>>> print(open('model16.tsv').read())   # TSV, C-alpha atoms and all ligand atoms
chain	number	residue	atom	x	y	z
T	707	MET	CA	0.00	0.00	0.00
T	708	VAL	CA	1.24	3.48	-0.79
T	709	PHE	CA	0.19	6.10	1.73
T	710	PRO	CA	-1.37	9.23	0.23
T	711	GLU	CA	0.92	12.24	0.40
T	712	SER	CA	-1.31	14.00	2.90
T	713	TYR	CA	-1.00	11.21	5.48
T	714	THR	CA	0.09	12.53	8.87
T	715	TYR	CA	2.22	10.30	11.06
T	716	HIS	CA	1.19	9.86	14.68
T	717	ASN	CA	3.89	8.29	16.79
T	718	ASN	CA	2.36	6.08	19.49
T	719	ASN	CA	-1.26	7.00	19.16
T	720	CYS	CA	-3.87	5.47	16.99
T	721	ARG	CA	-6.05	8.19	15.50
T	722	ARG	CA	-9.17	6.10	15.66
T	723	HIS	CA	-8.58	4.02	18.78
T	724	GLY	CA	-6.25	5.90	21.16
T	725	LYS	CA	-3.04	4.50	22.57
T	726	ILE	CA	-2.07	0.87	21.89
T	727	SER	CA	-2.59	-1.39	24.89
T	728	TRP	CA	-0.03	-4.12	25.35
T	729	PHE	CA	-2.50	-5.74	27.71
T	730	GLY	CA	-3.97	-6.87	24.41
T	731	VAL	CA	-0.78	-8.66	23.48
T	732	LEU	CA	-0.77	-10.66	26.70
T	733	ALA	CA	-4.49	-11.23	26.51
T	734	HIS	CA	-3.81	-12.90	23.20
T	735	GLY	CA	-1.72	-15.50	25.06
T	736	ILE	CA	-4.70	-16.50	27.21
T	737	GLY	CA	-7.25	-16.38	24.43
T	738	LEU	CA	-8.72	-12.86	24.78
T	739	ARG	CA	-8.36	-11.80	21.20
T	740	VAL	CA	-10.80	-8.98	20.48
T	741	THR	CA	-8.95	-5.79	21.53
T	742	PHE	CA	-5.61	-7.13	20.45
T	743	MET	CA	-6.62	-8.04	16.94
T	744	HIS	CA	-8.44	-4.75	16.45
T	745	HIS	CA	-5.57	-2.49	17.46
T	746	ASN	CA	-2.70	-4.35	15.95
T	747	ALA	CA	-4.31	-5.25	12.68
T	748	HIS	CA	-4.63	-1.48	12.22
T	749	HIS	CA	-0.98	-0.80	13.09
T	750	GLY	CA	0.46	-3.84	11.32
T	751	ILE	CA	2.74	-4.57	14.28
T	752	VAL	CA	1.76	-8.20	14.83
T	753	ARG	CA	2.53	-10.55	12.00
T	754	ASN	CA	1.97	-14.30	11.88
T	755	GLY	CA	0.62	-14.11	15.45
T	756	LYS	CA	3.83	-12.71	16.92
T	757	THR	CA	4.98	-9.17	17.69
T	758	HIS	CA	8.10	-8.21	15.81
T	759	LEU	CA	10.03	-6.30	18.47
T	760	ARG	CA	11.80	-4.00	16.00
T	761	ASP	CA	8.40	-2.89	14.68
T	762	LEU	CA	7.79	-1.27	18.08
T	763	SER	CA	8.81	2.23	19.04
T	764	LEU	CA	10.97	2.29	22.17
T	765	ASP	CA	7.96	3.51	24.23
T	766	GLN	CA	5.90	0.62	22.89
T	767	LEU	CA	8.73	-1.80	23.64
T	768	SER	CA	8.88	-0.55	27.24
T	769	GLU	CA	5.13	-1.05	27.56
T	770	PHE	CA	5.41	-4.47	26.01
T	771	VAL	CA	8.01	-5.61	28.55
T	772	SER	CA	6.13	-4.17	31.52
T	773	GLY	CA	3.08	-6.07	30.27
T	774	PHE	CA	4.88	-9.24	31.36
T	775	GLY	CA	5.08	-7.84	34.90
T	776	GLU	CA	8.79	-7.20	34.51
T	777	PRO	CA	10.70	-4.34	36.21
T	778	PRO	CA	11.96	-1.40	34.07
T	779	TYR	CA	15.54	-2.66	33.93
T	780	ARG	CA	14.37	-5.63	31.85
T	781	TYR	CA	13.36	-3.15	29.13
T	782	ARG	CA	16.86	-1.67	29.19
T	783	GLN	CA	18.37	-5.14	28.90
T	784	LEU	CA	16.10	-6.05	26.00
T	785	VAL	CA	16.69	-2.80	24.11
T	786	SER	CA	20.43	-3.28	24.50
T	787	TRP	CA	20.17	-6.77	23.03
T	788	LEU	CA	18.14	-5.48	20.09
T	789	TYR	CA	20.15	-2.39	19.11
T	790	GLU	CA	23.55	-2.53	20.78
T	791	LYS	CA	24.35	-6.23	20.77
T	792	LEU	CA	22.28	-6.76	17.59
T	793	ALA	CA	20.74	-10.03	18.76
T	794	GLY	CA	19.19	-12.28	16.15
T	795	ASP	CA	17.51	-14.65	18.62
T	796	PHE	CA	16.11	-14.70	22.16
T	797	GLN	CA	18.54	-17.47	23.12
T	798	GLU	CA	21.42	-15.01	22.81
T	799	MET	CA	19.90	-12.82	25.54
T	800	THR	CA	21.66	-14.67	28.32
T	801	ASP	CA	21.16	-12.08	31.06
T	802	LEU	CA	17.38	-12.42	30.77
T	803	PRO	CA	15.86	-15.22	32.88
T	804	LEU	CA	15.07	-18.36	30.89
T	805	ARG	CA	11.39	-18.02	31.85
T	806	LEU	CA	11.20	-14.53	30.31
T	807	ARG	CA	13.07	-15.62	27.19
T	808	GLU	CA	10.53	-18.43	26.71
T	809	GLN	CA	7.61	-16.05	27.23
T	810	LEU	CA	9.09	-13.60	24.75
T	811	ALA	CA	9.75	-16.31	22.19
T	812	HIS	CA	6.10	-17.38	22.52
T	813	HIS	CA	4.70	-13.90	21.88
T	814	ALA	CA	7.36	-12.14	19.86
T	815	ARG	CA	10.22	-12.45	17.45
T	816	VAL	CA	13.50	-10.63	17.01
T	817	THR	CA	13.97	-10.58	13.27
T	818	SER	CA	11.88	-10.99	10.15
T	819	LEU	CA	14.64	-11.30	7.55
T	820	ARG	CA	16.78	-14.16	6.33
T	821	ALA	CA	19.80	-13.48	4.15
T	822	THR	CA	19.60	-16.02	1.32
T	823	THR	CA	22.34	-14.78	-1.01
T	824	VAL	CA	25.39	-12.58	-0.62
T	825	GLN	CA	27.22	-11.38	-3.74
T	826	VAL	CA	30.71	-9.90	-3.43
T	827	SER	CA	32.15	-7.42	-5.94
T	828	GLN	CA	35.48	-8.50	-7.39
T	829	ILE	CA	36.23	-4.83	-8.06
T	830	ASP	CA	35.93	-3.30	-4.61
T	831	GLY	CA	34.58	-5.91	-2.15
T	832	THR	CA	31.11	-4.33	-1.96
T	833	ARG	CA	28.51	-6.88	-0.88
T	834	LYS	CA	24.89	-7.15	-1.96
T	835	PHE	CA	22.54	-9.09	0.34
T	836	LEU	CA	19.30	-10.67	-0.81
T	837	PHE	CA	16.86	-10.87	2.12
T	838	ASP	CA	13.86	-13.18	2.16
T	839	LEU	CA	10.94	-11.42	3.90
T	840	GLY	CA	9.08	-14.67	4.60
T	841	ASP	CA	6.08	-13.87	2.38
T	842	GLY	CA	7.59	-14.85	-0.96
T	843	LYS	CA	9.05	-11.36	-1.42
T	844	SER	CA	12.68	-10.27	-1.27
T	845	ILE	CA	14.68	-7.09	-1.00
T	846	GLU	CA	18.30	-6.19	-1.55
T	847	SER	CA	20.65	-4.16	0.68
T	848	VAL	CA	24.27	-3.19	0.09
T	849	LEU	CA	27.28	-2.99	2.41
T	850	MET	CA	30.16	-0.77	1.20
T	851	ARG	CA	33.48	0.02	2.81
T	852	HIS	CA	35.46	3.17	2.08
T	853	GLY	CA	38.63	2.87	4.13
T	854	GLN	CA	37.57	3.09	7.75
T	855	ARG	CA	34.00	4.05	6.91
T	856	VAL	CA	31.09	1.70	6.31
T	857	THR	CA	27.98	2.66	4.34
T	858	LEU	CA	24.78	0.62	4.43
T	859	CYS	CA	22.36	1.17	1.55
T	860	ILE	CA	18.91	0.26	2.87
T	861	SER	CA	15.64	-0.51	1.06
T	862	SER	CA	12.31	0.99	2.13
T	863	GLN	CA	9.91	-0.77	-0.26
T	864	VAL	CA	9.68	-4.08	-2.10
T	865	GLY	CA	10.14	-2.71	-5.61
T	866	CYS	CA	9.28	0.90	-6.36
T	867	PRO	CA	6.24	2.55	-7.96
T	868	MET	CA	8.15	5.65	-9.11
T	869	ASP	CA	9.09	4.59	-12.66
T	870	CYS	CA	12.35	6.51	-13.01
T	871	LEU	CA	13.47	5.49	-16.48
T	872	PHE	CA	17.16	5.04	-15.61
T	873	CYS	CA	16.55	2.77	-12.58
T	874	GLN	CA	16.47	-1.02	-12.63
T	875	THR	CA	14.25	-1.23	-9.52
T	876	SER	CA	11.47	0.56	-11.40
T	877	LYS	CA	11.36	-2.22	-13.99
T	878	GLY	CA	10.05	-4.70	-11.42
T	879	VAL	CA	6.49	-4.83	-10.14
T	880	PHE	CA	5.99	-2.78	-6.97
T	881	GLN	CA	4.85	-5.12	-4.18
T	882	ARG	CA	4.53	-3.35	-0.85
T	883	ASN	CA	5.99	-1.03	1.76
T	884	LEU	CA	8.42	-2.45	4.27
T	885	LYS	CA	7.51	-2.49	7.96
T	886	CYS	CA	9.68	-0.51	10.36
T	887	GLY	CA	11.10	-3.78	11.73
T	888	GLU	CA	12.08	-4.92	8.24
T	889	ILE	CA	13.98	-1.66	7.73
T	890	LEU	CA	15.75	-1.93	11.10
T	891	ASP	CA	16.46	-5.64	10.55
T	892	GLN	CA	18.48	-4.82	7.41
T	893	ILE	CA	20.60	-2.40	9.44
T	894	CYS	CA	21.04	-4.83	12.36
T	895	HIS	CA	22.01	-7.68	10.05
T	896	LEU	CA	24.59	-5.65	8.13
T	897	LYS	CA	26.00	-4.05	11.28
T	898	ARG	CA	26.35	-7.50	12.76
T	899	VAL	CA	28.29	-8.66	9.71
T	900	CYS	CA	30.65	-5.67	10.14
T	901	ARG	CA	31.02	-6.28	13.87
T	902	ASP	CA	31.91	-9.96	13.36
T	903	GLU	CA	34.49	-9.04	10.70
T	904	ASP	CA	36.00	-6.25	12.75
T	905	GLU	CA	36.21	-8.39	15.87
T	906	ALA	CA	38.88	-7.14	18.27
T	907	LYS	CA	39.24	-3.95	16.23
T	908	LYS	CA	37.64	-0.66	17.12
T	909	SER	CA	34.17	-0.49	15.60
T	910	HIS	CA	34.01	1.73	12.54
T	911	PRO	CA	31.56	4.57	11.93
T	912	VAL	CA	28.53	3.49	9.97
T	913	ASN	CA	26.52	5.65	7.57
T	914	ILE	CA	23.01	4.70	6.58
T	915	VAL	CA	21.57	5.81	3.25
T	916	PHE	CA	17.97	5.16	2.29
T	917	MET	CA	18.91	4.74	-1.36
T	918	GLY	CA	18.08	1.07	-1.88
T	919	MET	CA	14.83	-0.20	-3.35
T	920	GLY	CA	11.87	2.14	-3.09
T	921	GLU	CA	10.91	5.75	-2.55
T	922	PRO	CA	11.36	6.19	1.23
T	923	LEU	CA	8.89	9.08	1.50
T	924	LEU	CA	6.10	6.87	0.10
T	925	ASN	CA	6.66	4.67	3.17
T	926	TYR	CA	6.66	7.68	5.44
T	927	ARG	CA	5.29	6.17	8.61
T	928	SER	CA	7.75	3.23	8.77
T	929	LEU	CA	10.63	5.47	7.71
T	930	VAL	CA	9.99	8.02	10.47
T	931	HIS	CA	9.47	5.27	13.01
T	932	ALA	CA	12.80	3.65	12.00
T	933	ILE	CA	14.71	6.96	12.09
T	934	ARG	CA	13.39	7.68	15.60
T	935	THR	CA	14.94	4.41	16.74
T	936	LEU	CA	18.17	5.19	14.87
T	937	ASN	CA	18.32	8.60	16.59
T	938	ALA	CA	17.39	7.45	20.11
T	939	PRO	CA	20.30	7.25	22.59
T	940	GLU	CA	19.14	3.81	23.75
T	941	GLY	CA	18.60	2.78	20.10
T	942	PHE	CA	21.45	3.36	17.64
T	943	ASP	CA	22.24	6.90	18.86
T	944	MET	CA	22.97	8.09	15.31
T	945	GLY	CA	22.92	11.73	14.25
T	946	SER	CA	21.97	13.56	11.09
T	947	LYS	CA	25.39	13.29	9.45
T	948	ARG	CA	25.12	9.51	9.45
T	949	ILE	CA	21.55	9.09	8.11
T	950	THR	CA	20.52	10.22	4.63
T	951	VAL	CA	17.07	9.89	3.11
T	952	SER	CA	17.14	10.07	-0.69
T	953	THR	CA	13.91	11.04	-2.44
T	954	SER	CA	12.80	11.40	-6.02
T	955	GLY	CA	11.08	14.60	-4.83
T	956	LEU	CA	7.67	14.58	-3.11
T	957	PRO	CA	7.42	18.20	-1.92
T	958	ARG	CA	4.78	17.83	0.79
T	959	ARG	CA	6.50	14.82	2.30
T	960	MET	CA	9.86	16.58	2.23
T	961	CYS	CA	8.27	19.37	4.29
T	962	ASN	CA	6.66	16.79	6.62
T	963	LEU	CA	10.09	15.23	7.15
T	964	ALA	CA	11.57	18.65	7.92
T	965	ASP	CA	8.82	19.27	10.50
T	966	ALA	CA	9.17	15.84	12.11
T	967	GLY	CA	12.21	17.01	14.08
T	968	LEU	CA	14.34	13.98	13.24
T	969	ARG	CA	18.10	13.95	13.00
T	970	CYS	CA	18.65	12.99	9.36
T	971	SER	CA	19.90	14.51	6.12
T	972	LEU	CA	18.03	14.77	2.84
T	973	ALA	CA	19.17	14.09	-0.73
T	974	LEU	CA	16.96	15.11	-3.65
T	975	SER	CA	17.35	13.04	-6.81
T	976	LEU	CA	16.94	15.88	-9.33
T	977	ASN	CA	18.34	14.45	-12.60
T	978	ALA	CA	16.95	17.13	-14.93
T	979	THR	CA	17.14	20.91	-15.25
T	980	THR	CA	13.86	21.52	-17.09
T	981	ASP	CA	10.36	20.38	-16.19
T	982	SER	CA	9.94	18.68	-19.57
T	983	ASP	CA	13.13	16.62	-19.16
T	984	ARG	CA	12.17	15.68	-15.62
T	985	ARG	CA	8.70	14.66	-16.79
T	986	ARG	CA	10.30	12.39	-19.39
T	987	LEU	CA	12.95	10.81	-17.10
T	988	MET	CA	10.91	10.69	-13.88
T	989	PRO	CA	7.25	10.56	-14.94
T	990	ALA	CA	5.89	9.78	-11.46
T	991	VAL	CA	6.98	13.17	-10.10
T	992	SER	CA	6.00	15.09	-13.22
T	993	LYS	CA	3.13	16.83	-11.39
T	994	TYR	CA	5.67	18.67	-9.24
T	995	PRO	CA	7.51	21.44	-11.11
T	996	ILE	CA	11.22	21.70	-10.33
T	997	LYS	CA	10.56	25.05	-8.61
T	998	GLU	CA	8.11	23.49	-6.13
T	999	THR	CA	10.53	20.61	-5.45
T	1000	ILE	CA	13.47	22.95	-4.92
T	1001	ASP	CA	11.32	25.13	-2.61
T	1002	ALA	CA	10.62	22.02	-0.50
T	1003	ALA	CA	14.34	21.13	-0.43
T	1004	ARG	CA	15.14	24.67	0.71
T	1005	TYR	CA	12.45	24.40	3.41
T	1006	PHE	CA	14.08	21.18	4.66
T	1007	ALA	CA	17.52	22.79	4.68
T	1008	GLU	CA	16.34	25.91	6.49
T	1009	THR	CA	14.21	24.01	9.01
T	1010	SER	CA	16.81	21.38	9.83
T	1011	GLY	CA	19.91	23.56	9.48
T	1012	ARG	CA	21.45	20.97	7.17
T	1013	ARG	CA	22.40	21.41	3.54
T	1014	VAL	CA	20.43	19.26	1.12
T	1015	THR	CA	22.29	17.22	-1.49
T	1016	LEU	CA	21.05	17.53	-5.07
T	1017	GLU	CA	21.81	14.23	-6.83
T	1018	TYR	CA	22.18	14.24	-10.59
T	1019	VAL	CA	22.56	10.99	-12.56
T	1020	LEU	CA	24.50	11.74	-15.74
T	1021	LEU	CA	22.77	10.26	-18.79
T	1022	ARG	CA	24.67	11.10	-21.96
T	1023	GLY	CA	22.51	13.00	-24.43
T	1024	GLU	CA	19.56	13.16	-22.01
T	1025	ASN	CA	20.60	15.66	-19.32
T	1026	THR	CA	24.25	16.47	-20.03
T	1027	SER	CA	24.24	19.38	-22.49
T	1028	ASP	CA	26.23	22.55	-21.84
T	1029	GLU	CA	22.93	24.30	-21.10
T	1030	ASP	CA	22.06	21.56	-18.58
T	1031	ALA	CA	25.36	22.18	-16.82
T	1032	ARG	CA	24.70	25.92	-16.56
T	1033	ARG	CA	21.07	25.46	-15.46
T	1034	LEU	CA	22.10	22.85	-12.89
T	1035	GLY	CA	24.72	25.22	-11.51
T	1036	LYS	CA	22.10	27.95	-11.16
T	1037	ILE	CA	19.62	25.62	-9.45
T	1038	SER	CA	22.30	24.55	-6.99
T	1039	ARG	CA	22.61	28.19	-5.86
T	1040	GLN	CA	18.93	28.50	-5.00
T	1041	GLY	CA	19.40	27.28	-1.44
T	1042	PRO	CA	21.88	25.72	0.97
T	1043	PHE	CA	22.56	22.82	-1.39
T	1044	LYS	CA	25.51	20.69	-2.41
T	1045	LEU	CA	25.68	18.96	-5.73
T	1046	ASN	CA	26.48	15.27	-6.21
T	1047	LEU	CA	27.03	14.04	-9.78
T	1048	ILE	CA	26.45	10.32	-10.31
T	1049	PRO	CA	27.77	8.64	-13.47
T	1050	TYR	CA	24.97	6.37	-14.73
T	1051	ASN	CA	25.24	2.69	-13.79
T	1052	PRO	CA	23.59	0.56	-16.47
T	1053	GLY	CA	21.37	-2.36	-15.41
T	1054	PRO	CA	21.42	-5.62	-17.38
T	1055	GLU	CA	19.52	-3.90	-20.19
T	1056	GLY	CA	21.70	-0.75	-20.14
T	1057	GLU	CA	19.42	1.64	-22.05
T	1058	TYR	CA	21.51	4.73	-21.37
T	1059	GLU	CA	25.19	5.68	-21.52
T	1060	THR	CA	27.13	7.79	-19.10
T	1061	LEU	CA	29.79	10.40	-19.89
T	1062	ASP	CA	33.39	9.39	-20.52
T	1063	GLU	CA	36.04	11.04	-18.35
T	1064	ASP	CA	36.69	13.96	-20.75
T	1065	GLU	CA	32.98	14.69	-21.09
T	1066	LEU	CA	32.58	14.52	-17.31
T	1067	GLN	CA	35.42	16.99	-16.79
T	1068	ARG	CA	33.90	19.37	-19.33
T	1069	PHE	CA	30.50	19.18	-17.57
T	1070	ILE	CA	32.21	19.90	-14.24
T	1071	GLN	CA	34.14	22.88	-15.66
T	1072	LEU	CA	30.88	24.38	-16.91
T	1073	LEU	CA	29.29	23.87	-13.50
T	1074	LEU	CA	32.08	25.15	-11.32
T	1075	PRO	CA	31.47	28.89	-11.77
T	1076	TYR	CA	27.97	28.38	-10.36
T	1077	ALA	CA	28.09	25.35	-8.05
T	1078	PRO	CA	29.43	26.18	-4.60
T	1079	THR	CA	30.03	22.55	-3.59
T	1080	LEU	CA	30.35	19.70	-6.03
T	1081	THR	CA	31.25	16.04	-5.64
T	1082	VAL	CA	31.24	13.08	-8.04
T	1083	ARG	CA	30.05	9.77	-6.67
T	1084	ARG	CA	32.24	6.88	-7.74
T	1085	SER	CA	29.95	3.87	-7.75
T	1086	LYS	CA	30.62	0.73	-5.78
T	1087	GLY	CA	29.90	-2.85	-6.81
T	1088	PRO	CA	28.85	-2.31	-10.47
T	1089	ASP	CA	29.92	-5.88	-11.40
T	1090	ILE	CA	27.25	-7.33	-9.06
T	1091	PHE	CA	24.62	-4.71	-9.91
T	1092	ALA	CA	24.91	-3.18	-6.45
T	1093	ALA	CA	25.45	0.43	-7.54
T	1094	CYS	CA	22.93	3.27	-7.54
T	1095	GLY	CA	19.82	2.43	-9.53
T	1096	GLN	CA	20.80	-1.21	-10.15
T	1097	LEU	CA	18.89	-3.11	-7.44
T	1098	TRP	CA	16.34	-5.65	-8.59
T	1099	ASN	CA	15.55	-9.28	-7.78
T	1100	GLN	CA	13.53	-12.16	-9.16
T	1101	SER	CA	10.69	-11.74	-6.63
T	1102	LEU	CA	9.79	-8.43	-8.33
T	1103	GLY	CA	9.45	-9.90	-11.81
T	1104	TYR	CA	9.19	-7.43	-14.67
T	1105	LYS	CA	6.38	-4.96	-15.34
T	1106	LYS	CA	6.54	-5.55	-19.06
T	1107	GLY	CA	8.75	-8.63	-19.33
T	1108	PRO	CA	12.53	-8.46	-19.84
T	1109	ALA	CA	13.87	-7.06	-23.05
T	1110	GLU	CA	14.82	-9.68	-25.60
T	1111	GLY	CA	18.19	-11.28	-25.05
T	1112	THR	CA	18.46	-10.45	-21.31
T	1201	LIG	S1	15.47	5.90	-8.60
T	1201	LIG	FE1	14.61	5.55	-6.55
T	1201	LIG	S2	12.53	6.48	-6.67
T	1201	LIG	FE2	13.26	6.20	-8.80
T	1201	LIG	S3	12.43	4.17	-9.41
T	1201	LIG	FE3	14.53	3.83	-8.61
T	1201	LIG	S4	14.22	3.31	-6.45
T	1201	LIG	FE4	12.33	4.29	-7.17
>>> encode(input="model16.tsv", output="structure tokens")
Amino acid sequence: MVFPESYTYHNNNCRRHGKISWFGVLAHGIGLRVTFMHHNAHHGIVRNGKTHLRDLSLDQLSEFVSGFGEPPYRYRQLVSWLYEKLAGDFQEMTDLPLRLREQLAHHARVTSLRATTVQVSQIDGTRKFLFDLGDGKSIESVLMRHGQRVTLCISSQVGCPMDCLFCQTSKGVFQRNLKCGEILDQICHLKRVCRDEDEAKKSHPVNIVFMGMGEPLLNYRSLVHAIRTLNAPEGFDMGSKRITVSTSGLPRRMCNLADAGLRCSLALSLNATTDSDRRRLMPAVSKYPIKETIDAARYFAETSGRRVTLEYVLLRGENTSDEDARRLGKISRQGPFKLNLIPYNPGPEGEYETLDEDELQRFIQLLLPYAPTLTVRRSKGPDIFAACGQLWNQSLGYKKGPAEGT
């Protein structure tokens, strides 16, 4: 389901039914189903009869634990197992009494993902993980290392409804939004992989980019919920420099995100300098003129105090003329923005071409008089289709069937 753009997120409270009662969860265990089913069917927190703990906000998790008659310190132990020690199973939680672990295992689960395939780039060691969601659907996430830094590219939807022409994900059939727990599970799994590899070494800083499958702002509620847990001191305690939400440009949602008071950065995937080119390359956002989208980006930057990144995928002959360079430079001066050029990464069907090095340098030289800050993103993992705009998996199928010969 795609939430309408006007949807307003309410943290712990159900608009129709008031606050969630975890009494309902325990009542479920002794056969009192009515309240429980009503509330949680609405919130989507309980799946397959069990509460996924990473679907819960930290307040909800505290309530959940106290519902078992446990003292407050048990909540602190559990939250530490979930987000600091990155537990994948209740059996690992050895400082919880066996009785409580058994009760929790009966009513709840720790993870909803299973990594079925890991591909490793022979070029730069980037890894692409295929996660089975347990309902016949799969997503991909990417783990990249840049020296001491680690970047996790996280998916927010199964597929993507946005139809950007240069993106492989858009060729598959959009299936559904991810739950908050499914978003956090990707992060926990990949952080755990890093921790196990870096054993005995100092843990490295981790950056999280919502640039995997999906348009994150179409899954606004789960995204905000997940970022609150990433920000929380007892969660991941991550700040705005380490979390980036990349959007194709939904102005109202960008403003909502600015007003939500989260610690995160925003990247706007611009990719065109005229409304007609943007309509052609990104038809799903064609109803929003570039001016309206840039106004929303400026609002985010001014509200949050953080510069917004304008991303620009270079598609030779489509958006790389001299005039494009000059217009892009001028747009980048319309607010506290920084510009990130991304050489196009072809999918298996490779419909577009990117610029060669000389053409790229020429484009940059034309931009430099206008663009205050400019970077070029060197893609990671292109040989395993792990780079920007290349994620896709069999569970998505193809909207129109693969092109002949692929
Ligand atoms: S570029 Fe992003 S928003 Fe556009 S289709 Fe791909 S995943 Fe969706």
>>> residues_near_point(input="model16.tsv", point="(10.0, -4.6, -6.5)", cutoff="12 Å", atoms="only C-alpha atoms", output="ChimeraX atom specification")
/T:842-846,861-869,873-884,918-921,1096-1105
>>> residues_around(input="model16.tsv", residues="region 956-959 of chain T", least_positions_apart="4", cutoff="10 Å", atoms="only C-alpha atoms", output="number ranges by chain")
T: 710-714, 921-924, 926, 963-965, 974, 990-991, 993-996, 998-1003, 1005-1006
>>> atom_distance(input="model16.tsv", atom1="CA of Thr953 (chain T)", atom2="CA of Leu929 (chain T)")
12.0 Å
>>> closest_residue(input="model16.tsv", among="T:Thr1081, T:Asn1051, T:Ser954, T:Gln1040", to="ligand LIG 1201 (chain T)", atoms="all atoms listed in the file")
T:Ser954
>>> atom_distance(input="model16.tsv", atom1="CA of Ser952 (chain T)", atom2="CA of Phe837 (chain T)")
21.1 Å
>>> closest_residue(input="model16.tsv", among="T:Ile1048, T:Ser971, T:Thr823, T:Gly941", to="Arg1013 (chain T)", atoms="only C-alpha atoms")
T:Ser971
>>> closest_residue(input="model16.tsv", among="T:Leu819, T:Cys894, T:Leu804, T:Val915", to="Glu790 (chain T)", atoms="only C-alpha atoms")
T:Cys894
>>> atom_distance(input="model16.tsv", atom1="CA of Gly955 (chain T)", atom2="CA of Leu1016 (chain T)")
10.4 Å
>>> closest_residue(input="model16.tsv", among="T:His931, T:Arg1083, T:His895, T:Lys947", to="Ile914 (chain T)", atoms="all atoms listed in the file")
T:Lys947
>>> closest_residue(input="model16.tsv", among="T:Gln783, T:Thr817, T:Ser847, T:Asn913", to="Leu802 (chain T)", atoms="all atoms listed in the file")
T:Gln783
>>> residues_around(input="model16.tsv", residues="region 1020-1031 of chain T", least_positions_apart="2", cutoff="12 Å", atoms="all atoms listed in the file", output="ChimeraX atom specification")
/T:871-873,975-984,986-987,1017-1018,1033-1038,1045-1052,1056-1063,1065-1077,1082-1083,1094
>>> closest_residue(input="model16.tsv", among="T:Asn925, T:Ser1085, T:Ser1010, T:Thr800", to="ligand LIG 1201 (chain T)", atoms="all atoms listed in the file")
T:Asn925
>>> residues_around(input="model16.tsv", residues="Ala793 (chain T)", least_positions_apart="4", cutoff="9 Å", atoms="all atoms listed in the file", output="ChimeraX atom specification")
/T:786-789,797-799,816-817,894,898
>>> axis_aligned_box(input="model16.tsv", around="region 939-951 of chain T", padding_each_side="3 Å", output="JSON")
{"center_x": 21.2, "center_y": 8.2, "center_z": 13.4, "size_x": 14.3, "size_y": 16.8, "size_z": 26.6}
>>> residues_near_point(input="model16.tsv", point="(26.4, -3.0, 6.8)", cutoff="6 Å", atoms="only C-alpha atoms", output="list in words")
Leu849, Leu858, Leu896 and Lys897 of chain T
>>> residues_around(input="model16.tsv", residues="Lys756 (chain T)", least_positions_apart="4", cutoff="8 Å", atoms="only C-alpha atoms", output="MDAnalysis selection string")
chainID T and resid 752 812:815
>>> write_last_selection(input="model16.tsv", atoms="C-alpha atoms", output="mmCIF file, in the frame of the given file")
data_model
loop_
_atom_site.group_PDB
_atom_site.id
_atom_site.type_symbol
_atom_site.label_atom_id
_atom_site.label_comp_id
_atom_site.auth_asym_id
_atom_site.auth_seq_id
_atom_site.Cartn_x
_atom_site.Cartn_y
_atom_site.Cartn_z
ATOM 1 C CA VAL T 752 1.760 -8.200 14.830
ATOM 2 C CA HIS T 812 6.100 -17.380 22.520
ATOM 3 C CA HIS T 813 4.700 -13.900 21.880
ATOM 4 C CA ALA T 814 7.360 -12.140 19.860
ATOM 5 C CA ARG T 815 10.220 -12.450 17.450
#
>>> build_atoms(input="model16.tsv", residues="region 1093-1102 of chain T", atoms="N, CA and C atoms", output="PDB file, in the coordinates of the input")
ATOM      1  N   ALA T1093      25.275  -1.033  -7.544  1.00  0.00           N
ATOM      2  CA  ALA T1093      25.450   0.430  -7.540  1.00  0.00           C
ATOM      3  C   ALA T1093      24.095   1.134  -7.608  1.00  0.00           C
ATOM      4  N   CYS T1094      24.150   2.464  -7.532  1.00  0.00           N
ATOM      5  CA  CYS T1094      22.930   3.270  -7.540  1.00  0.00           C
ATOM      6  C   CYS T1094      22.044   2.928  -8.731  1.00  0.00           C
ATOM      7  N   GLY T1095      20.777   2.668  -8.463  1.00  0.00           N
ATOM      8  CA  GLY T1095      19.820   2.430  -9.530  1.00  0.00           C
ATOM      9  C   GLY T1095      19.902   1.045 -10.162  1.00  0.00           C
ATOM     10  N   GLN T1096      20.643   0.124  -9.533  1.00  0.00           N
ATOM     11  CA  GLN T1096      20.800  -1.210 -10.150  1.00  0.00           C
ATOM     12  C   GLN T1096      20.071  -2.321  -9.390  1.00  0.00           C
ATOM     13  N   LEU T1097      19.456  -2.020  -8.242  1.00  0.00           N
ATOM     14  CA  LEU T1097      18.890  -3.110  -7.440  1.00  0.00           C
ATOM     15  C   LEU T1097      17.599  -3.638  -8.066  1.00  0.00           C
ATOM     16  N   TRP T1098      17.513  -4.944  -8.051  1.00  0.00           N
ATOM     17  CA  TRP T1098      16.340  -5.650  -8.590  1.00  0.00           C
ATOM     18  C   TRP T1098      16.493  -7.100  -8.175  1.00  0.00           C
ATOM     19  N   ASN T1099      15.412  -7.833  -7.985  1.00  0.00           N
ATOM     20  CA  ASN T1099      15.550  -9.280  -7.780  1.00  0.00           C
ATOM     21  C   ASN T1099      14.361 -10.007  -8.372  1.00  0.00           C
ATOM     22  N   GLN T1100      14.522 -11.338  -8.473  1.00  0.00           N
ATOM     23  CA  GLN T1100      13.530 -12.160  -9.160  1.00  0.00           C
ATOM     24  C   GLN T1100      12.126 -12.016  -8.571  1.00  0.00           C
ATOM     25  N   SER T1101      12.028 -11.778  -7.243  1.00  0.00           N
ATOM     26  CA  SER T1101      10.690 -11.740  -6.630  1.00  0.00           C
ATOM     27  C   SER T1101       9.872 -10.565  -7.162  1.00  0.00           C
ATOM     28  N   LEU T1102      10.529  -9.569  -7.775  1.00  0.00           N
ATOM     29  CA  LEU T1102       9.790  -8.430  -8.330  1.00  0.00           C
ATOM     30  C   LEU T1102       9.220  -8.728  -9.706  1.00  0.00           C
TER      31      LEU T1102
END
